[in-house]
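Written out below as structure tokens is the structure these notes cover.
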Amino acid sequence: MKQLNKVEITVETQYLKNQIPDKDKYVFAYKISVHNNGQHAVQLINRYWLITDGNGKKTEVEGPGVIGLQPHILPGDFFRYTSGAVLDTPVGTMQGYYEMQQENGARFEAVINVFSLAVPNVVN
């Protein structure tokens, strides 16, 4: 699928040190903003994530929408949500894409560039 529309994705991450389910897990929140800089409305149909921890363990996550939604995003507008990931190591990365659909039914991938998940002061 080729990207046919101008969708920009920005990511902010945060380590949640008070949310550790057990001492060998690291919990991160990520806030995603999906900006529709195109001339037509789009809908976020599916997601795909590749999560890699500091040991090289890879986990793939895919499915419909995000946080239970398949939002429509009008031209010039954006959709923002927060979700999370739990790693076995204090550092890792995420990357992936959203499958988007234009009003005419054409689908394309909006790429989410690799971003880091890291406990503060672990990586210089």
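So you can find residues: chains in the structure tokens are A, B, ... in the order shown, residues in each start at 1, and ligands are numbered from 1 in order.
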Can you list, as a ChimeraX atom specification, every protein, DNA or RNA residue that comes within 8 Å of Ile67 (chain A) when you count only C-alpha atoms, leaving out same-chain residues fewer than 2 positions away? /A:65,69,81,83
Go through region 47-118 of chain A and flag each residue having an atom no more than 7 Å from region 12-31 of chain A; for those, report the closest pair of atoms plus their distance in Å to one decimal, using only C-alpha atoms, ordered by chain and rising number, as JSON lines.
```
{"residue": "A:Tyr81", "atom": "CA", "partner": "A:Lys31", "partner_atom": "CA", "distance": 5.8}
{"residue": "A:Thr82", "atom": "CA", "partner": "A:Lys31", "partner_atom": "CA", "distance": 4.3}
{"residue": "A:Ser83", "atom": "CA", "partner": "A:Tyr30", "partner_atom": "CA", "distance": 5.6}
{"residue": "A:Gly84", "atom": "CA", "partner": "A:Ala29", "partner_atom": "CA", "distance": 4.2}
{"residue": "A:Ala85", "atom": "CA", "partner": "A:Phe28", "partner_atom": "CA", "distance": 5.3}
{"residue": "A:Val86", "atom": "CA", "partner": "A:Val27", "partner_atom": "CA", "distance": 4.5}
{"residue": "A:Leu87", "atom": "CA", "partner": "A:Tyr26", "partner_atom": "CA", "distance": 5.1}
{"residue": "A:Asp88", "atom": "CA", "partner": "A:Lys25", "partner_atom": "CA", "distance": 4.9}
{"residue": "A:Thr89", "atom": "CA", "partner": "A:Tyr26", "partner_atom": "CA", "distance": 6.4}
{"residue": "A:Pro90", "atom": "CA", "partner": "A:Tyr26", "partner_atom": "CA", "distance": 5.9}
{"residue": "A:Leu117", "atom": "CA", "partner": "A:Thr13", "partner_atom": "CA", "distance": 6.7}
{"residue": "A:Ala118", "atom": "CA", "partner": "A:Tyr15", "partner_atom": "CA", "distance": 6.9}
```
Please extract the residues of chain A with a backbone DSSP assignment of strand (DSSP E) and present them as a PyMOL selection string. chain A and resi 7-15+26-36+42-53+58-64+72-73+78-87+91-102+107-118
For Asn46 (chain A), which residue out of A:Gln101, A:Ser116, A:Gln95, A:Thr59 is the nearest one, using only C-alpha atoms?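 For Asn46 (chain A), the nearest of the candidates is A:Gln101.
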Between A:Val7, A:Ile45, A:Met94, A:Val61, single out the one closest to Val114 (chain A), counting only C-alpha atoms.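 Under the stated criterion, the closest residue is A:Met94.
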Any idea what the distance is between CA of Arg47 (chain A) and CA of Ile73 (chain A)?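 Here the two named atoms are 15.4 Å from each other.
One distance worth recording is that between CA of Ala110 (chain A) and CA of Arg80 (chain A), which is 14.8 Å.
Here CA of Glu62 (chain A) stands at a distance of 20.8 Å from CA of His35 (chain A).
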Residue neighbourhood Lys6 (chain A), 10 Å, only C-alpha atoms, exclusion window fewer than 3 positions, as number ranges by chain: A: 3, 9, 35-40, 42, 75, 110
Keeping C-alpha atoms, export the residues of the selection given above as an mmCIF file, in the first residue's frame.
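File selection.cif, as written:
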```cif
data_model
loop_
_atom_site.group_PDB
_atom_site.id
_atom_site.type_symbol
_atom_site.label_atom_id
_atom_site.label_comp_id
_atom_site.auth_asym_id
_atom_site.auth_seq_id
_atom_site.Cartn_x
_atom_site.Cartn_y
_atom_site.Cartn_z
ATOM 1 C CA GLN A 3 0.863 6.496 1.098
ATOM 2 C CA ILE A 9 2.203 11.093 13.168
ATOM 3 C CA HIS A 35 -2.625 14.872 11.923
ATOM 4 C CA ASN A 36 -4.525 14.906 8.627
ATOM 5 C CA ASN A 37 -2.647 17.447 6.501
ATOM 6 C CA GLY A 38 -4.416 16.283 3.336
ATOM 7 C CA GLN A 39 -7.452 17.608 1.511
ATOM 8 C CA HIS A 40 -9.771 14.689 2.254
ATOM 9 C CA VAL A 42 -9.412 9.740 6.385
ATOM 10 C CA PRO A 75 -8.752 17.658 6.726
ATOM 11 C CA ALA A 110 0.759 5.996 7.502
#
```
